[in-house]
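Shown here: input-v1.tsv, TSV, C-alpha atoms.
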```tsv
chain	number	residue	atom	x	y	z
A	1	MET	CA	-5.38	24.33	-4.46
A	2	SER	CA	-3.50	21.04	-4.23
A	3	ASP	CA	-2.61	19.35	-7.49
A	4	HIS	CA	-2.48	15.86	-5.93
A	5	GLU	CA	-4.93	13.21	-6.99
A	6	VAL	CA	-3.74	10.80	-4.34
A	7	LEU	CA	-2.31	11.15	-0.84
A	8	CYS	CA	-0.64	8.05	0.64
A	9	LEU	CA	0.16	7.91	4.36
A	10	GLY	CA	2.49	5.38	5.99
A	11	GLU	CA	6.02	4.42	6.97
A	12	ALA	CA	8.84	3.81	4.50
A	13	MET	CA	12.02	2.06	5.61
A	14	VAL	CA	15.51	1.37	4.41
A	15	LEU	CA	15.69	-2.23	3.14
A	16	VAL	CA	18.83	-4.39	3.29
A	17	THR	CA	18.86	-7.53	1.11
A	18	PRO	CA	21.74	-10.05	0.89
A	19	ARG	CA	23.08	-10.54	-2.61
A	20	GLN	CA	22.82	-13.83	-4.48
A	21	GLY	CA	20.12	-15.14	-2.15
A	22	GLU	CA	22.63	-15.72	0.64
A	23	PRO	CA	21.52	-16.29	4.24
A	24	LEU	CA	21.32	-13.09	6.23
A	25	ALA	CA	23.39	-14.67	8.99
A	26	THR	CA	26.43	-15.18	6.76
A	27	ALA	CA	26.07	-12.75	3.84
A	28	ARG	CA	29.02	-10.45	3.25
A	29	ASP	CA	27.42	-8.27	0.55
A	30	ALA	CA	23.98	-6.71	0.40
A	31	THR	CA	21.93	-4.19	-1.55
A	32	VAL	CA	20.37	-1.19	0.15
A	33	SER	CA	17.05	0.18	-1.10
A	34	VAL	CA	13.83	1.70	0.24
A	35	ALA	CA	10.47	0.05	0.81
A	36	GLY	CA	7.13	0.66	2.49
A	37	ALA	CA	3.57	-0.32	1.72
A	38	GLU	CA	2.10	3.13	1.11
A	39	SER	CA	5.24	4.64	-0.39
A	40	ASN	CA	5.35	1.72	-2.84
A	41	VAL	CA	1.80	2.50	-3.92
A	42	ALA	CA	2.72	6.18	-4.29
A	43	GLN	CA	5.71	5.38	-6.49
A	44	TYR	CA	3.79	3.03	-8.77
A	45	LEU	CA	0.98	5.57	-9.12
A	46	ALA	CA	3.58	8.16	-10.11
A	47	ASP	CA	4.97	5.68	-12.66
A	48	LEU	CA	1.46	5.41	-14.09
A	49	GLY	CA	1.20	9.17	-14.54
A	50	HIS	CA	-0.71	10.27	-11.46
A	51	ARG	CA	0.02	13.26	-9.25
A	52	VAL	CA	0.65	11.73	-5.86
A	53	ALA	CA	2.05	12.82	-2.50
A	54	TRP	CA	3.45	10.61	0.22
A	55	ALA	CA	3.07	11.70	3.84
A	56	SER	CA	5.02	10.30	6.77
A	57	ARG	CA	7.80	10.96	9.24
A	58	VAL	CA	11.47	9.95	8.97
A	59	GLY	CA	14.48	10.58	11.15
A	60	ARG	CA	16.74	13.54	10.65
A	61	ASP	CA	19.47	11.11	9.67
A	62	PRO	CA	21.20	9.83	6.50
A	63	LEU	CA	18.70	6.99	6.18
A	64	GLY	CA	15.87	9.53	6.20
A	65	ASP	CA	17.68	11.39	3.40
A	66	ARG	CA	17.88	8.14	1.47
A	67	VAL	CA	14.18	7.40	1.92
A	68	LEU	CA	13.11	10.85	0.73
A	69	THR	CA	15.37	10.70	-2.31
A	70	ALA	CA	14.18	7.23	-3.33
A	71	VAL	CA	10.46	7.90	-2.90
A	72	ALA	CA	10.68	11.22	-4.74
A	73	ARG	CA	12.63	9.77	-7.67
A	74	PRO	CA	9.57	8.59	-9.69
A	75	GLY	CA	7.90	11.96	-9.18
A	76	VAL	CA	6.21	11.55	-5.79
A	77	ASP	CA	5.81	14.77	-3.80
A	78	VAL	CA	7.45	14.36	-0.39
A	79	ARG	CA	7.05	17.94	0.85
A	80	TYR	CA	4.73	16.91	3.70
A	81	VAL	CA	7.15	14.43	5.27
A	82	GLU	CA	8.31	15.52	8.73
A	83	ARG	CA	11.90	15.03	9.93
A	84	ASP	CA	12.32	13.89	13.54
A	85	PRO	CA	15.68	14.71	15.19
A	86	ALA	CA	14.94	12.45	18.15
A	87	ALA	CA	13.78	9.23	16.47
A	88	PRO	CA	15.38	7.09	13.75
A	89	THR	CA	14.30	6.09	10.28
A	90	ALA	CA	13.17	2.45	10.35
A	91	VAL	CA	15.18	-0.38	8.78
A	92	TYR	CA	14.32	-3.91	7.80
A	93	PHE	CA	16.24	-6.87	6.48
A	94	LYS	CA	15.26	-9.67	4.11
A	95	ASP	CA	16.49	-13.22	4.66
A	96	PRO	CA	15.96	-14.93	1.28
A	97	SER	CA	17.40	-18.30	2.27
A	98	CYS	CA	14.62	-19.56	4.54
A	99	ALA	CA	13.06	-22.89	3.64
A	100	ASP	CA	9.52	-21.47	3.68
A	101	GLY	CA	10.35	-18.41	1.59
A	102	THR	CA	11.84	-15.00	2.23
A	103	GLN	CA	11.49	-13.79	5.80
A	104	VAL	CA	11.72	-10.18	6.91
A	105	HIS	CA	13.12	-8.77	10.13
A	106	TYR	CA	11.88	-5.32	11.17
A	107	TYR	CA	13.72	-2.73	13.24
A	108	ARG	CA	11.06	-0.06	13.46
A	109	THR	CA	10.05	0.13	17.14
A	110	GLY	CA	10.31	3.77	18.22
A	111	SER	CA	10.87	4.96	14.67
A	112	ALA	CA	10.00	8.47	13.57
A	113	ALA	CA	6.94	7.22	11.71
A	114	SER	CA	5.70	5.29	14.74
A	115	ARG	CA	5.32	8.68	16.45
A	116	LEU	CA	2.60	9.82	14.07
A	117	THR	CA	-0.44	11.36	15.77
A	118	PRO	CA	-3.72	12.76	14.40
A	119	ALA	CA	-2.32	16.29	14.85
A	120	TYR	CA	0.01	15.60	11.92
A	121	LEU	CA	-3.02	15.43	9.64
A	122	ASP	CA	-3.51	19.18	10.11
A	123	THR	CA	-0.49	19.68	7.83
A	124	LEU	CA	-1.93	17.65	4.94
A	125	PRO	CA	-4.19	18.77	2.05
A	126	ILE	CA	-6.63	15.91	2.62
A	127	ALA	CA	-9.74	17.72	1.45
A	128	ARG	CA	-8.12	18.66	-1.86
A	129	ALA	CA	-7.17	15.12	-2.89
A	130	ARG	CA	-9.36	12.74	-4.85
A	131	LEU	CA	-8.19	9.70	-2.90
A	132	VAL	CA	-6.31	8.85	0.29
A	133	HIS	CA	-4.61	5.48	0.72
A	134	LEU	CA	-3.19	3.62	3.69
A	135	SER	CA	-2.60	0.04	4.83
A	136	GLY	CA	-2.98	-2.03	7.94
A	137	VAL	CA	0.76	-1.71	8.52
A	138	THR	CA	0.22	1.89	9.63
A	139	ALA	CA	-2.36	0.92	12.22
A	140	ALA	CA	0.01	-1.72	13.63
A	141	LEU	CA	2.95	0.57	14.34
A	142	SER	CA	1.68	2.26	17.51
A	143	ALA	CA	-1.45	3.48	19.26
A	144	GLY	CA	-0.81	6.94	17.82
A	145	CYS	CA	-0.53	5.54	14.31
A	146	ALA	CA	-3.77	3.62	14.76
A	147	ARG	CA	-5.57	6.80	15.83
A	148	THR	CA	-4.02	8.64	12.89
A	149	ALA	CA	-5.25	6.02	10.42
A	150	THR	CA	-8.80	6.25	11.74
A	151	ALA	CA	-8.69	10.04	11.79
A	152	LEU	CA	-7.41	10.15	8.20
A	153	PHE	CA	-10.41	8.18	6.97
A	154	ASP	CA	-12.78	10.26	9.11
A	155	ARG	CA	-11.47	13.50	7.65
A	156	ALA	CA	-11.50	12.15	4.12
A	157	ARG	CA	-15.10	10.97	4.47
A	158	GLU	CA	-16.18	14.36	5.81
A	159	ALA	CA	-14.50	16.04	2.82
A	160	GLY	CA	-16.00	13.65	0.26
A	161	VAL	CA	-12.59	12.16	-0.58
A	162	LEU	CA	-12.32	8.51	-1.62
A	163	ARG	CA	-10.60	6.12	0.82
A	164	SER	CA	-8.50	3.10	-0.17
A	165	PHE	CA	-7.29	0.49	2.31
A	166	ASP	CA	-4.95	-2.48	1.91
A	167	VAL	CA	-5.34	-4.90	4.83
A	168	ASN	CA	-1.66	-5.88	4.57
A	169	TYR	CA	-1.58	-7.93	7.77
A	170	ARG	CA	1.95	-8.34	9.12
A	171	PRO	CA	2.23	-11.03	11.83
A	172	ALA	CA	5.62	-9.65	12.87
A	173	LEU	CA	3.89	-6.44	13.98
A	174	TRP	CA	0.81	-7.74	15.81
A	175	SER	CA	-1.13	-10.90	16.57
A	176	THR	CA	-4.31	-11.90	14.79
A	177	SER	CA	-6.29	-11.31	17.97
A	178	ASP	CA	-4.99	-7.74	18.19
A	179	ALA	CA	-5.32	-7.05	14.48
A	180	SER	CA	-8.71	-8.56	13.61
A	181	ALA	CA	-11.06	-5.86	14.88
A	182	PRO	CA	-8.99	-2.76	13.96
A	183	LEU	CA	-8.38	-4.04	10.43
A	184	LEU	CA	-12.06	-4.80	9.93
A	185	THR	CA	-13.06	-1.37	11.22
A	186	LEU	CA	-10.71	0.37	8.77
A	187	ALA	CA	-11.90	-1.87	5.93
A	188	ARG	CA	-15.50	-0.91	6.61
A	189	GLN	CA	-14.55	2.78	6.60
A	190	ALA	CA	-13.00	2.56	3.13
A	191	ASP	CA	-14.43	2.87	-0.37
A	192	ALA	CA	-12.05	0.24	-1.76
A	193	VAL	CA	-10.36	-2.60	0.13
A	194	PHE	CA	-7.58	-4.98	-0.94
A	195	VAL	CA	-7.02	-8.24	0.92
A	196	GLY	CA	-5.41	-11.58	0.18
A	197	LEU	CA	-7.61	-14.63	0.54
A	198	ASP	CA	-4.98	-16.24	2.77
A	199	GLU	CA	-4.55	-13.23	5.06
A	200	ALA	CA	-8.33	-12.81	5.39
A	201	ALA	CA	-8.53	-16.44	6.50
A	202	ARG	CA	-5.79	-15.85	9.04
A	203	VAL	CA	-7.13	-12.59	10.46
A	204	TRP	CA	-10.90	-13.06	10.15
A	205	GLY	CA	-11.41	-16.80	9.73
A	206	THR	CA	-13.10	-16.46	6.34
A	207	THR	CA	-12.76	-19.24	3.78
A	208	THR	CA	-14.02	-17.82	0.47
A	209	ALA	CA	-13.91	-14.50	-1.34
A	210	GLU	CA	-17.67	-14.25	-0.86
A	211	ASP	CA	-17.17	-14.66	2.89
A	212	VAL	CA	-14.77	-11.72	2.86
A	213	ARG	CA	-17.25	-9.60	0.89
A	214	ASP	CA	-20.06	-10.46	3.29
A	215	LEU	CA	-17.92	-9.66	6.34
A	216	ILE	CA	-16.78	-6.26	5.13
A	217	GLY	CA	-20.24	-5.34	3.86
A	218	PRO	CA	-22.09	-4.31	0.71
A	219	CYS	CA	-21.09	-0.63	0.65
A	220	VAL	CA	-17.40	-1.18	-0.18
A	221	SER	CA	-15.54	-2.24	-3.32
A	222	VAL	CA	-13.76	-5.39	-2.09
A	223	VAL	CA	-10.84	-6.88	-4.03
A	224	VAL	CA	-9.84	-10.36	-2.88
A	225	LYS	CA	-6.50	-11.59	-4.23
A	226	ASN	CA	-5.63	-15.27	-4.48
A	227	ALA	CA	-1.88	-15.33	-5.15
A	228	ASP	CA	-1.07	-16.62	-8.65
A	229	VAL	CA	-4.69	-17.67	-9.31
A	230	GLY	CA	-6.18	-14.21	-9.79
A	231	ALA	CA	-8.30	-11.56	-8.11
A	232	VAL	CA	-12.02	-10.98	-7.76
A	233	LEU	CA	-13.76	-7.63	-7.32
A	234	PHE	CA	-17.09	-7.24	-5.56
A	235	GLU	CA	-18.52	-3.82	-6.25
A	236	PRO	CA	-20.88	-2.07	-3.81
A	237	GLY	CA	-24.28	-3.69	-3.84
A	238	THR	CA	-23.07	-7.21	-4.58
A	239	SER	CA	-24.33	-9.61	-1.93
A	240	PRO	CA	-25.75	-13.13	-1.74
A	241	GLY	CA	-28.39	-13.53	-4.42
A	242	THR	CA	-27.13	-10.63	-6.55
A	243	ARG	CA	-24.66	-10.51	-9.42
A	244	PRO	CA	-21.31	-12.24	-8.76
A	245	GLY	CA	-17.97	-10.52	-8.55
A	246	THR	CA	-15.65	-9.85	-11.47
A	247	PHE	CA	-12.73	-12.28	-11.68
A	248	VAL	CA	-9.54	-11.75	-13.69
A	249	PRO	CA	-6.80	-14.42	-13.60
A	250	ALA	CA	-3.24	-13.50	-12.74
A	251	GLU	CA	-0.80	-13.20	-15.63
A	252	PRO	CA	2.00	-15.80	-15.89
A	253	VAL	CA	5.25	-14.37	-14.57
A	254	ASP	CA	8.63	-15.67	-13.45
A	255	VAL	CA	8.68	-14.75	-9.78
A	256	VAL	CA	11.95	-13.35	-8.47
A	257	GLU	CA	10.56	-11.95	-5.20
A	258	PRO	CA	6.89	-11.67	-4.10
A	259	VAL	CA	7.35	-8.91	-1.52
A	260	GLY	CA	5.83	-5.64	-2.77
A	261	ALA	CA	3.58	-7.20	-5.39
A	262	GLY	CA	0.44	-6.44	-3.39
A	263	ASP	CA	1.30	-2.75	-3.29
A	264	ALA	CA	1.92	-2.75	-7.03
A	265	PHE	CA	-1.41	-4.47	-7.64
A	266	ALA	CA	-3.22	-1.88	-5.53
A	267	ALA	CA	-1.60	0.95	-7.47
A	268	GLY	CA	-2.62	-0.53	-10.80
A	269	TYR	CA	-6.17	-1.02	-9.66
A	270	LEU	CA	-6.40	2.48	-8.18
A	271	SER	CA	-4.99	4.02	-11.35
A	272	ALA	CA	-7.71	2.42	-13.47
A	273	TRP	CA	-10.34	3.24	-10.84
A	274	LEU	CA	-9.41	6.92	-10.85
A	275	ARG	CA	-9.82	6.85	-14.63
A	276	ASP	CA	-13.30	5.33	-14.33
A	277	GLU	CA	-12.26	2.20	-16.18
A	278	PRO	CA	-14.47	-0.92	-15.93
A	279	PRO	CA	-13.95	-3.55	-13.20
A	280	ALA	CA	-12.11	-6.10	-15.35
A	281	GLU	CA	-9.64	-3.47	-16.57
A	282	ARG	CA	-8.94	-2.34	-13.00
A	283	LEU	CA	-8.00	-5.88	-12.03
A	284	ARG	CA	-6.08	-6.44	-15.25
A	285	LEU	CA	-3.93	-3.34	-14.72
A	286	GLY	CA	-3.38	-4.43	-11.12
A	287	HIS	CA	-1.96	-7.74	-12.35
A	288	ARG	CA	0.22	-6.01	-14.94
A	289	VAL	CA	1.80	-3.66	-12.42
A	290	ALA	CA	2.23	-6.50	-9.90
A	291	ALA	CA	4.23	-8.39	-12.53
A	292	PHE	CA	6.90	-5.67	-12.39
A	293	ALA	CA	7.28	-6.15	-8.63
A	294	LEU	CA	7.29	-9.94	-8.91
A	295	GLY	CA	10.20	-9.74	-11.33
A	296	SER	CA	12.38	-7.58	-9.07
A	297	VAL	CA	14.16	-8.02	-5.75
A	298	GLU	CA	13.19	-4.46	-4.83
A	299	ASP	CA	9.74	-3.37	-3.63
A	300	HIS	CA	9.44	-0.79	-6.42
A	301	ALA	CA	10.32	-1.61	-10.01
A	302	ASP	CA	9.94	1.00	-12.74
A	303	ALA	CA	6.50	0.59	-14.32
A	304	THR	CA	6.49	3.73	-16.46
A	305	SER	CA	6.03	1.63	-19.61
A	306	LEU	CA	2.40	1.24	-18.50
A	307	ARG	CA	1.91	4.99	-18.12
A	308	ARG	CA	-1.27	6.51	-19.53
A	309	PRO	CA	-2.20	10.15	-20.24
A	310	ALA	CA	-2.15	12.32	-17.12
A	311	LEU	CA	-5.43	13.41	-15.58
A	312	GLY	CA	-6.53	17.00	-15.06
A	313	LEU	CA	-7.83	18.27	-11.74
A	314	ASP	CA	-11.34	17.27	-12.82
A	315	GLY	CA	-10.23	13.67	-13.26
A	316	THR	CA	-10.32	13.68	-17.07
A	317	ALA	CA	-7.40	12.82	-19.35
A	318	ARG	CA	-5.34	15.68	-20.66
```

Can you turn what I pasted into structure tokens?
Amino acid sequence: MSDHEVLCLGEAMVLVTPRQGEPLATARDATVSVAGAESNVAQYLADLGHRVAWASRVGRDPLGDRVLTAVARPGVDVRYVERDPAAPTAVYFKDPSCADGTQVHYYRTGSAASRLTPAYLDTLPIARARLVHLSGVTAALSAGCARTATALFDRAREAGVLRSFDVNYRPALWSTSDASAPLLTLARQADAVFVGLDEAARVWGTTTAEDVRDLIGPCVSVVVKNADVGAVLFEPGTSPGTRPGTFVPAEPVDVVEPVGAGDAFAAGYLSAWLRDEPPAERLRLGHRVAAFALGSVEDHADATSLRRPALGLDGTAR
């Protein structure tokens, strides 16, 4: 029997960031780290004391070695990650000097993870997890990845496993016209959905958090984030004319780098959700974990100071 509460599926990449906020075009020194939407969530959940596995594919190359070492460091199980001798580990670069904020440049076309297919799911202990998590980034990588994302949620639903989905729209990967329908389909398949108010407006044309809730439907827990304002949770059954959502304001924080904060928020929320904590506490823990990411130039910042007692296989504290 698997001892994993959570199984996260998605690509992780090597991240190169110029030092001292220098332009990427002229920087002479840079830091090298590892980042990825679902692997970030996995690492933060491990920080918080959960038993979590990350599933993906990386190249049989030194960068793949680096990814596996970094993701495993907080205690994430990486045993299910496949190594591909014919495709590389993806890389991306940050350019922190842009006038409109940090920009990212991806080099992930044809990567090992982009070759995921539903057959890979046969190797994973999906039915023995409490929760599976993925993001819209996975669906954007290739047609095979999109089929794999849908199949993961189908298999989890059939096994009675909870499904978590972060919309995580990335315009560098696909257009809004290509992304709108697939992202909405995955959101409606999930038990819990995370989406920024701004990205929902861009992808679906919604204007309010209530619009997002109504679009996704009444059977899903919908968390709508509004940057430094706060986040609102609509639990299943909330709809026009019923009780409003639960809102918790964001905590004040000196922002060093916003990239990765959404993944940290999702991990905090999911941690509290798995512990059956009330709605406001789920959002509050999400904000607290996000603060660690906002204060770091890396996508994952150690959040073990927020760790709580580990859960047993029945979901109770031990």

Which residue out of A:Tyr44, A:Tyr106, A:Trp204, A:Trp174 has the minimum interatomic distance to A:Thr89 when all atoms listed in the file are used?
A:Tyr106

Which residues come within 7 Å of stretch 52-65 of chain A, counting all atoms listed in the file, excluding same-chain residues fewer than 2 positions away, as an MDAnalysis selection string?
chainID A and resid 4:11 14 39 42 45:46 50 67:69 76:78 80:85 87:89 112:113

Just C-alpha atoms for this one: save the residues we selected as a PDB file, keeping the file's coordinate frame.
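Saved the output as again05.pdb:
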```
ATOM      1  CA  HIS A   4      -2.480  15.860  -5.930  1.00  0.00           C
ATOM      2  CA  GLU A   5      -4.930  13.210  -6.990  1.00  0.00           C
ATOM      3  CA  VAL A   6      -3.740  10.800  -4.340  1.00  0.00           C
ATOM      4  CA  LEU A   7      -2.310  11.150  -0.840  1.00  0.00           C
ATOM      5  CA  CYS A   8      -0.640   8.050   0.640  1.00  0.00           C
ATOM      6  CA  LEU A   9       0.160   7.910   4.360  1.00  0.00           C
ATOM      7  CA  GLY A  10       2.490   5.380   5.990  1.00  0.00           C
ATOM      8  CA  GLU A  11       6.020   4.420   6.970  1.00  0.00           C
ATOM      9  CA  VAL A  14      15.510   1.370   4.410  1.00  0.00           C
ATOM     10  CA  SER A  39       5.240   4.640  -0.390  1.00  0.00           C
ATOM     11  CA  ALA A  42       2.720   6.180  -4.290  1.00  0.00           C
ATOM     12  CA  LEU A  45       0.980   5.570  -9.120  1.00  0.00           C
ATOM     13  CA  ALA A  46       3.580   8.160 -10.110  1.00  0.00           C
ATOM     14  CA  HIS A  50      -0.710  10.270 -11.460  1.00  0.00           C
ATOM     15  CA  VAL A  67      14.180   7.400   1.920  1.00  0.00           C
ATOM     16  CA  LEU A  68      13.110  10.850   0.730  1.00  0.00           C
ATOM     17  CA  THR A  69      15.370  10.700  -2.310  1.00  0.00           C
ATOM     18  CA  VAL A  76       6.210  11.550  -5.790  1.00  0.00           C
ATOM     19  CA  ASP A  77       5.810  14.770  -3.800  1.00  0.00           C
ATOM     20  CA  VAL A  78       7.450  14.360  -0.390  1.00  0.00           C
ATOM     21  CA  TYR A  80       4.730  16.910   3.700  1.00  0.00           C
ATOM     22  CA  VAL A  81       7.150  14.430   5.270  1.00  0.00           C
ATOM     23  CA  GLU A  82       8.310  15.520   8.730  1.00  0.00           C
ATOM     24  CA  ARG A  83      11.900  15.030   9.930  1.00  0.00           C
ATOM     25  CA  ASP A  84      12.320  13.890  13.540  1.00  0.00           C
ATOM     26  CA  PRO A  85      15.680  14.710  15.190  1.00  0.00           C
ATOM     27  CA  ALA A  87      13.780   9.230  16.470  1.00  0.00           C
ATOM     28  CA  PRO A  88      15.380   7.090  13.750  1.00  0.00           C
ATOM     29  CA  THR A  89      14.300   6.090  10.280  1.00  0.00           C
ATOM     30  CA  ALA A 112      10.000   8.470  13.570  1.00  0.00           C
ATOM     31  CA  ALA A 113       6.940   7.220  11.710  1.00  0.00           C
TER      32      ALA A 113
END
```

In terms of all atoms listed in the file, the residue from A:Ala201, A:Val91, A:Asp3, A:Asp100 at minimal distance from A:Pro125 is A:Asp3

Top pick for closest residue to A:Ala70, considering A:His287, A:His300, A:Phe93, A:Arg128 and counting only C-alpha atoms
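Ranked by minimum distance to A:Ala70, first place goes to A:His300.
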
In Å, how far is it from atom CA of A:Asp228 to atom CA of A:Cys98?
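Separation between atom CA of A:Asp228 and atom CA of A:Cys98: 20.7 Å.
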
Expressed in Å to a single decimal, how great is the separation between atom CA of A:Arg108 and atom CA of A:Ser175?
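Atom-to-atom, atom CA of A:Arg108 to atom CA of A:Ser175, that is 16.6 Å.
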
In Å, with one decimal, what is the gap from atom CA of A:Asp29 to atom CA of A:Met13?
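Answer for the atom CA of A:Asp29 to atom CA of A:Met13 separation: 19.2 Å.
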
For A:Asp166: contacts at 9 Å, all atoms listed in the file, fewer than 3 positions along chain excluded, given as a CSV table (one decimal) with C-alpha atoms, keeping the file's coordinate frame:
```csv
chain,number,residue,atom,x,y,z
A,37,ALA,CA,3.6,-0.3,1.7
A,133,HIS,CA,-4.6,5.5,0.7
A,134,LEU,CA,-3.2,3.6,3.7
A,135,SER,CA,-2.6,0.0,4.8
A,136,GLY,CA,-3.0,-2.0,7.9
A,137,VAL,CA,0.8,-1.7,8.5
A,169,TYR,CA,-1.6,-7.9,7.8
A,187,ALA,CA,-11.9,-1.9,5.9
A,192,ALA,CA,-12.0,0.2,-1.8
A,193,VAL,CA,-10.4,-2.6,0.1
A,194,PHE,CA,-7.6,-5.0,-0.9
A,195,VAL,CA,-7.0,-8.2,0.9
A,262,GLY,CA,0.4,-6.4,-3.4
A,263,ASP,CA,1.3,-2.8,-3.3
A,266,ALA,CA,-3.2,-1.9,-5.5
```

A:Glu251: which residues within 9 Å, counting only C-alpha atoms, same-chain residues fewer than 4 positions away excluded, as an MDAnalysis selection string?
chainID A and resid 228:230 284 287:288 291

At a cut-off of 9 Å around the point (-11.0, -2.7, -13.5) (file coordinates), what residues fall inside when counting only C-alpha atoms? I'd like the answer as number ranges by chain.
A: 233, 246, 269-270, 272-273, 276-286

Choose the residue, out of A:Ala250, A:Leu186, A:Val203, A:Val222, that has the smallest atom-to-atom separation from A:Gly237; count all atoms listed in the file.
A:Val222

Any idea what's packed within 7 Å of A:Ala149, counting all atoms listed in the file, ignoring anything in its chain fewer than 4 positions away? Could you give it as a ChimeraX atom specification?
/A:138-139,145,153

When distances are computed from all atoms listed in the file, which of A:Gly144, A:Gly21, A:Pro244, A:Pro118 shows the smallest separation from A:Glu210?
A:Pro244

Kindly reconstruct stretch 172-178 of chain A with all heavy atoms and present the result as an mmCIF file, keeping the file's coordinate frame.
```cif
data_model
loop_
_atom_site.group_PDB
_atom_site.id
_atom_site.type_symbol
_atom_site.label_atom_id
_atom_site.label_comp_id
_atom_site.auth_asym_id
_atom_site.auth_seq_id
_atom_site.Cartn_x
_atom_site.Cartn_y
_atom_site.Cartn_z
ATOM 1 N N ALA A 172 4.476 -10.093 12.079
ATOM 2 C CA ALA A 172 5.620 -9.650 12.870
ATOM 3 C C ALA A 172 5.301 -8.394 13.675
ATOM 4 O O ALA A 172 6.031 -8.062 14.624
ATOM 5 C CB ALA A 172 6.815 -9.385 11.958
ATOM 6 N N LEU A 173 4.232 -7.699 13.319
ATOM 7 C CA LEU A 173 3.890 -6.440 13.980
ATOM 8 C C LEU A 173 2.810 -6.592 15.032
ATOM 9 O O LEU A 173 2.800 -5.856 16.019
ATOM 10 C CB LEU A 173 3.449 -5.403 12.934
ATOM 11 C CG LEU A 173 4.494 -5.012 11.893
ATOM 12 C CD1 LEU A 173 3.917 -4.010 10.910
ATOM 13 C CD2 LEU A 173 5.732 -4.443 12.572
ATOM 14 N N TRP A 174 1.859 -7.525 14.803
ATOM 15 C CA TRP A 174 0.810 -7.740 15.810
ATOM 16 C C TRP A 174 0.149 -9.088 15.578
ATOM 17 O O TRP A 174 0.212 -9.655 14.491
ATOM 18 C CB TRP A 174 -0.199 -6.607 15.848
ATOM 19 C CG TRP A 174 -0.841 -6.183 14.553
ATOM 20 C CD1 TRP A 174 -0.581 -6.632 13.279
ATOM 21 C CD2 TRP A 174 -1.865 -5.193 14.410
ATOM 22 N NE1 TRP A 174 -1.364 -5.974 12.360
ATOM 23 C CE2 TRP A 174 -2.168 -5.087 13.026
ATOM 24 C CE3 TRP A 174 -2.555 -4.380 15.306
ATOM 25 C CZ2 TRP A 174 -3.124 -4.213 12.531
ATOM 26 C CZ3 TRP A 174 -3.517 -3.500 14.806
ATOM 27 C CH2 TRP A 174 -3.784 -3.414 13.442
ATOM 28 N N SER A 175 -0.479 -9.593 16.632
ATOM 29 C CA SER A 175 -1.130 -10.900 16.570
ATOM 30 C C SER A 175 -2.467 -10.782 15.856
ATOM 31 O O SER A 175 -3.022 -9.689 15.705
ATOM 32 C CB SER A 175 -1.352 -11.441 17.974
ATOM 33 O OG SER A 175 -2.302 -10.637 18.674
ATOM 34 N N THR A 176 -3.002 -11.914 15.442
ATOM 35 C CA THR A 176 -4.310 -11.900 14.790
ATOM 36 C C THR A 176 -5.388 -11.407 15.745
ATOM 37 O O THR A 176 -6.318 -10.701 15.331
ATOM 38 C CB THR A 176 -4.680 -13.286 14.260
ATOM 39 O OG1 THR A 176 -4.593 -14.238 15.330
ATOM 40 C CG2 THR A 176 -3.749 -13.714 13.132
ATOM 41 N N SER A 177 -5.279 -11.744 17.010
ATOM 42 C CA SER A 177 -6.290 -11.310 17.970
ATOM 43 C C SER A 177 -6.271 -9.791 18.149
ATOM 44 O O SER A 177 -7.321 -9.164 18.334
ATOM 45 C CB SER A 177 -6.084 -12.003 19.320
ATOM 46 O OG SER A 177 -4.796 -11.733 19.842
ATOM 47 N N ASP A 178 -5.087 -9.200 18.086
ATOM 48 C CA ASP A 178 -4.990 -7.740 18.190
ATOM 49 C C ASP A 178 -5.382 -7.043 16.901
ATOM 50 O O ASP A 178 -5.901 -5.924 16.920
ATOM 51 C CB ASP A 178 -3.558 -7.335 18.556
ATOM 52 C CG ASP A 178 -3.183 -7.691 19.983
ATOM 53 O OD1 ASP A 178 -4.092 -7.828 20.818
ATOM 54 O OD2 ASP A 178 -1.975 -7.839 20.248
#
```
